[in-house]
Amino acid sequence: MAAGDIETFQRDGIWFNRIEGESRTLGSSFASEAEAVKVGRSAAATRQVQHTVRAEEGPSTDAHVYALHPRDLIS
């Protein structure tokens, strides 16, 4: 992920969104993954950046990328 991308993640059973490179979360917390993903996806689309969902906060190999930013499609 690059700085500015949106990340949706879980911390202690509560879901959050944040802008990559920032420590604070974006908006409020969510009780369900579906709610957080919907808001995170919308924020990423508005900013035209990549959106990634992680099962837990921090580095993870099980991240799911919902939308690639055009910069990531250039070979």
# chains A, B, ... in the order shown; residues from 1 in each chain; ligands from 1
$ residues_around --residues "Arg41 of chain A" --least-positions-apart "3" --cutoff "9 Å" --atoms "only C-alpha atoms" --output "list in words"
Ile6, Thr8, Ala36, Val37, Lys38, Ala44, Ala45, Thr46, Gln50, His51, Thr52, Tyr66 and Ala67 of chain A
$ write_last_selection --atoms "N, CA and C atoms" --output "mmCIF file, in the first residue's frame"
data_model
loop_
_atom_site.group_PDB
_atom_site.id
_atom_site.type_symbol
_atom_site.label_atom_id
_atom_site.label_comp_id
_atom_site.auth_asym_id
_atom_site.auth_seq_id
_atom_site.Cartn_x
_atom_site.Cartn_y
_atom_site.Cartn_z
ATOM 1 N N ILE A 6 -6.556 3.667 1.296
ATOM 2 C CA ILE A 6 -7.473 3.409 2.411
ATOM 3 C C ILE A 6 -7.332 1.961 2.856
ATOM 4 N N THR A 8 -8.993 -0.889 5.595
ATOM 5 C CA THR A 8 -10.034 -1.287 6.543
ATOM 6 C C THR A 8 -9.445 -2.420 7.364
ATOM 7 N N ALA A 36 -17.856 -1.335 7.595
ATOM 8 C CA ALA A 36 -16.555 -0.674 7.453
ATOM 9 C C ALA A 36 -16.062 -0.738 6.013
ATOM 10 N N VAL A 37 -16.251 -1.891 5.365
ATOM 11 C CA VAL A 37 -15.809 -2.047 3.975
ATOM 12 C C VAL A 37 -16.581 -1.102 3.060
ATOM 13 N N LYS A 38 -17.876 -0.981 3.277
ATOM 14 C CA LYS A 38 -18.693 -0.087 2.444
ATOM 15 C C LYS A 38 -18.179 1.352 2.523
ATOM 16 N N ALA A 44 -12.183 5.346 -0.694
ATOM 17 C CA ALA A 44 -11.129 5.073 -1.674
ATOM 18 C C ALA A 44 -11.547 5.519 -3.075
ATOM 19 N N ALA A 45 -12.805 5.270 -3.428
ATOM 20 C CA ALA A 45 -13.297 5.679 -4.745
ATOM 21 C C ALA A 45 -13.287 7.200 -4.871
ATOM 22 N N THR A 46 -13.705 7.886 -3.816
ATOM 23 C CA THR A 46 -13.717 9.347 -3.821
ATOM 24 C C THR A 46 -12.312 9.903 -4.000
ATOM 25 N N GLN A 50 -6.311 3.027 -3.782
ATOM 26 C CA GLN A 50 -6.540 1.612 -3.522
ATOM 27 C C GLN A 50 -7.216 1.410 -2.164
ATOM 28 N N HIS A 51 -8.048 0.378 -2.061
ATOM 29 C CA HIS A 51 -8.710 0.018 -0.802
ATOM 30 C C HIS A 51 -8.332 -1.409 -0.446
ATOM 31 N N THR A 52 -7.799 -1.610 0.760
ATOM 32 C CA THR A 52 -7.389 -2.924 1.229
ATOM 33 C C THR A 52 -8.099 -3.251 2.532
ATOM 34 N N TYR A 66 -9.509 -4.549 -2.641
ATOM 35 C CA TYR A 66 -10.795 -4.381 -3.306
ATOM 36 C C TYR A 66 -10.691 -3.629 -4.615
ATOM 37 N N ALA A 67 -9.803 -2.687 -4.701
ATOM 38 C CA ALA A 67 -9.691 -1.900 -5.926
ATOM 39 C C ALA A 67 -8.254 -1.441 -6.083
#
$ closest_residue --among "A:Ala2, A:Ile19, A:Val39, A:Ile14" --to "Glu56 of chain A" --atoms "only C-alpha atoms"
A:Ile14
$ closest_residue --among "A:Glu35, A:Phe30, A:Phe9, A:Ser23" --to "Val53 of chain A" --atoms "only C-alpha atoms"
A:Phe9
$ closest_residue --among "A:Ala3, A:Arg54, A:Val49, A:Gln10" --to "Glu22 of chain A" --atoms "only C-alpha atoms"
A:Ala3
$ atom_distance --atom1 "atom CA of Ser29 of chain A" --atom2 "atom CA of Arg47 of chain A"
19.8 Å
$ closest_residue --among "A:Arg18, A:Gln48, A:Asp5, A:Ala55" --to "Ser32 of chain A" --atoms "only C-alpha atoms"
A:Ala55
$ atom_distance --atom1 "atom CA of Arg11 of chain A" --atom2 "atom CA of Gly27 of chain A"
14.9 Å
